[in-house]
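Data first, discussion second: the structure below is written as structure tokens.
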Number of protein chains: 6
Amino acid sequence: MPYIKIEVTREGVTREQKQKLIKGVTDLMTHVLNKDPQLTHVVIQEVELDDWGFAGEQVSVLREKGITADKK
Amino acid sequence: MPYIKIEVTREGVTREQKQKLIKGVTDLMTHVLNKDPQLTHVVIQEVELDDWGFAGEQVSVLREKGITADKK
Amino acid sequence: MPYIKIEVTREGVTREQKQKLIKGVTDLMTHVLNKDPQLTHVVIQEVELDDWGFAGEQVSVLREKGITADKK
Amino acid sequence: MPYIKIEVTREGVTREQKQKLIKGVTDLMTHVLNKDPQLTHVVIQEVELDDWGFAGEQVSVLREKGITADKK
Amino acid sequence: MPYIKIEVTREGVTREQKQKLIKGVTDLMTHVLNKDPQLTHVVIQEVELDDWGFAGEQVSVLREKGITADKK
Amino acid sequence: MPYIKIEVTREGVTREQKQKLIKGVTDLMTHVLNKDPQLTHVVIQEVELDDWGFAGEQVSVLREKGITADKK
């Protein structure tokens with residue numbers, strides 16, 4: 001009985017990427033814990049940039065300064 | 001001090017249905033646990049069909065295949 | 001596809017009461033939204049009295065003052 | 001490693017108020033627990049008035065009756 | 001800025017399995033969304049069998065009946 | 001109607017520190033949003049070090065390596 005909530009900033013995540021996240025997390029629960037996919041629910045929640053704070057600043061402000069969440 | 005979060009797929013839940021969910025859950029907390037309704041908060045969160053995954057698939061895809069969440 | 005999280009203070013909730021909460025919430029989702037119980041998950045999370053704050057005070061402190069969450 | 005989720009009813013919270021909430025909560029984690037702001041994430045979730053229930057009623061109904069959440 | 005919460009029933013998940021879940025989810029966020037692992041937090045929450053309800057029943061009751069969450 | 005959930009790693013947070021977090025967050029909701037403290041609930045959830053992942057690693061492993069979450 002796994003339930004997984006993924007929260008990410010709303011920055012153009014595509015339908016295809018969401019499908020990959022859902023498939024990837026569900027497979028992970030099966031491979032690591034042998035969980036039945038029929039009992040695995042995944043919810044993706046996109047969060048507006050004004051609504052996510054990091055290091056005391058809104059992400060919208062960080063983005064204006066050119067600071068991204070991209071892997072270097 | 002109960003707090004209840006209800007997450008459902010966004011598929012035409014009406015204002016009246018939401019009111020029934022809120023009333024029903026609040027009454028349940030009173031009947032089972034004797035909780036004061038003045039201390040009971042209920043939050044309903046509707047989730048887009050692309051954002052809910054079940055059995056490794058987006059619910060939007062399941063719906064296109066004719067698979068519903070309806071009680072049989 | 002409903003998922004419901006119930007958060008209550010840890011104050012002697014019994015196994016039987018938890019079962020009633022789970023059954024009651026699941027039935028409510030079926031009656032109001034026609035949801036299949038096989039797709040309904042309910043999670044109860046009990047919270048220590050030191051970890052729940054109301055009106056700026058720990059519930060453990062409120063209880064010491066004789067303030068309960070009981071329905072009047 | 002703190003993560004803080006703030007849920008409030010959607011009633012005209014401004015961008016500036018959100019920034020104050022993010023800054024205030026992050027500072028609090030540093031002052032009370034000595035946490036590094038670089039490890040502190042804050043997410044604000046605004047909830048529609050139809051989706052928040054208090055005392056068994058939708059907040060949208062309470063507001064129509066003139067009942068607010070304002071400090072007296 | 002991803003935050004992921006994994007909720008599973010408490011049924012002997014090992015420290016090594018938890019590490020695999022954390023690594024797997026973090027890698028997935030990088031591969032699918034190009035997210036910096038330094039901004040990815042994962043929280044695992046194990047839930048007692050009495051506290052998780054499925055299809056209106058406590059998982060502890062389902063397990064006594066021999067019903068598992070194992071992949072077939 | 002604010003509800004705030006604070007998740008932190010379980011590393012010796014004292015009862016007094018929890019009280020300061022609850023008071024501080026509640027006051028912040030009043031100062032920034034003019035919210036009635038009687039409608040503000042705060043829940044603190046401590047997470048075991050094996051259950052929190054950052055940058056793909058369990059915090060318990062990071063701590064063994066001498067990496068803390070302390071403000072520099």
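Ordering of the structure tokens sets the chain letters (A, B, ...); residue numbers start at 1 within each chain; ligands are numbered from 1 in the order shown.
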
Problem set entry | Interface list for chain E, partner chain C, 6 Å threshold, only C-alpha atoms, as an MDAnalysis selection string | chainID E and resid 51:56

For this session: From chain B, collect each residue whose DSSP state is alpha helix (DSSP H) and return the set as a PyMOL selection string.
Result: chain B and resi 15-33+59-64

For this session: Between CA of Lys71 (chain F) and CA of Lys35 (chain D), measure the distance and give it in Å to one decimal.
Result: 5.2 Å

For this session: Name the closest residue to Leu49 (chain E) among the candidates E:Gln17, E:Thr9, E:Asn34, E:Lys65; distances are taken between atoms, counting only C-alpha atoms.
Result: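 Checking each of E:Gln17, E:Thr9, E:Asn34, E:Lys65 against Leu49 (chain E), counting only C-alpha atoms, the winner is E:Thr9.
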
For this session: Check chain F with DSSP on the backbone and list each residue it calls strand (DSSP E), as JSON, numbers by chain.
Result: {"F": [3, 4, 5, 6, 7, 8, 9, 41, 42, 43, 44, 45, 46, 47, 52, 53, 54, 57, 58]}

Write out the residues from the selection above, keeping N, CA, C and O atoms, as a CSV table (one decimal), in the first residue's frame.
```csv
chain,number,residue,atom,x,y,z
F,3,TYR,N,-3.4,25.9,8.4
F,3,TYR,CA,-2.9,24.7,8.9
F,3,TYR,C,-1.4,24.6,8.4
F,3,TYR,O,-1.2,24.8,7.2
F,4,ILE,N,-0.5,24.4,9.4
F,4,ILE,CA,0.9,24.4,9.0
F,4,ILE,C,1.6,23.1,9.5
F,4,ILE,O,1.4,22.7,10.7
F,5,LYS,N,2.2,22.4,8.6
F,5,LYS,CA,2.9,21.2,8.9
F,5,LYS,C,4.5,21.4,8.9
F,5,LYS,O,4.9,21.9,7.8
F,6,ILE,N,5.2,21.2,9.9
F,6,ILE,CA,6.6,21.3,10.0
F,6,ILE,C,7.3,20.0,10.1
F,6,ILE,O,7.0,19.2,11.0
F,7,GLU,N,8.1,19.6,9.1
F,7,GLU,CA,8.8,18.4,9.1
F,7,GLU,C,10.3,18.6,9.3
F,7,GLU,O,10.9,19.4,8.6
F,8,VAL,N,10.8,18.0,10.3
F,8,VAL,CA,12.2,18.1,10.6
F,8,VAL,C,12.8,16.8,11.0
F,8,VAL,O,12.1,15.9,11.4
F,9,THR,N,14.1,16.6,10.8
F,9,THR,CA,14.7,15.4,11.2
F,9,THR,C,14.7,15.3,12.7
F,9,THR,O,14.8,16.3,13.4
F,41,HIS,N,-3.8,25.9,13.3
F,41,HIS,CA,-3.2,24.6,13.8
F,41,HIS,C,-1.8,24.4,13.2
F,41,HIS,O,-1.6,24.6,12.0
F,42,VAL,N,-0.9,23.9,14.1
F,42,VAL,CA,0.4,23.6,13.7
F,42,VAL,C,0.8,22.2,14.1
F,42,VAL,O,0.5,21.8,15.2
F,43,VAL,N,1.3,21.4,13.1
F,43,VAL,CA,1.7,20.1,13.5
F,43,VAL,C,3.2,19.9,13.1
F,43,VAL,O,3.6,20.2,12.0
F,44,ILE,N,3.9,19.4,14.1
F,44,ILE,CA,5.3,19.1,13.9
F,44,ILE,C,5.5,17.6,13.7
F,44,ILE,O,5.0,16.8,14.5
F,45,GLN,N,6.2,17.2,12.7
F,45,GLN,CA,6.5,15.8,12.5
F,45,GLN,C,8.0,15.6,12.4
F,45,GLN,O,8.7,16.1,11.5
F,46,GLU,N,8.5,14.8,13.4
F,46,GLU,CA,9.9,14.5,13.4
F,46,GLU,C,10.1,13.3,12.6
F,46,GLU,O,9.4,12.3,12.7
F,47,VAL,N,11.2,13.3,11.7
F,47,VAL,CA,11.5,12.2,10.8
F,47,VAL,C,12.8,11.6,11.2
F,47,VAL,O,13.8,12.3,11.4
F,52,TRP,N,14.9,10.3,6.0
F,52,TRP,CA,15.0,11.5,5.2
F,52,TRP,C,16.2,11.4,4.3
F,52,TRP,O,17.3,11.1,4.7
F,53,GLY,N,15.9,11.7,3.0
F,53,GLY,CA,16.9,11.6,2.0
F,53,GLY,C,17.2,13.0,1.4
F,53,GLY,O,16.3,13.8,1.2
F,54,PHE,N,18.5,13.3,1.3
F,54,PHE,CA,18.9,14.6,0.7
F,54,PHE,C,20.1,14.3,-0.3
F,54,PHE,O,21.0,13.6,0.1
F,57,GLU,N,21.0,10.6,-0.6
F,57,GLU,CA,21.6,9.9,0.5
F,57,GLU,C,20.7,10.0,1.8
F,57,GLU,O,20.1,11.1,2.0
F,58,GLN,N,20.7,9.0,2.6
F,58,GLN,CA,20.0,9.1,3.9
F,58,GLN,C,20.8,10.1,4.8
F,58,GLN,O,22.0,10.1,4.8
```

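The two atoms in question, CA of Ser60 (chain A) and CA of Ala69 (chain F), are spaced 24.4 Å apart.
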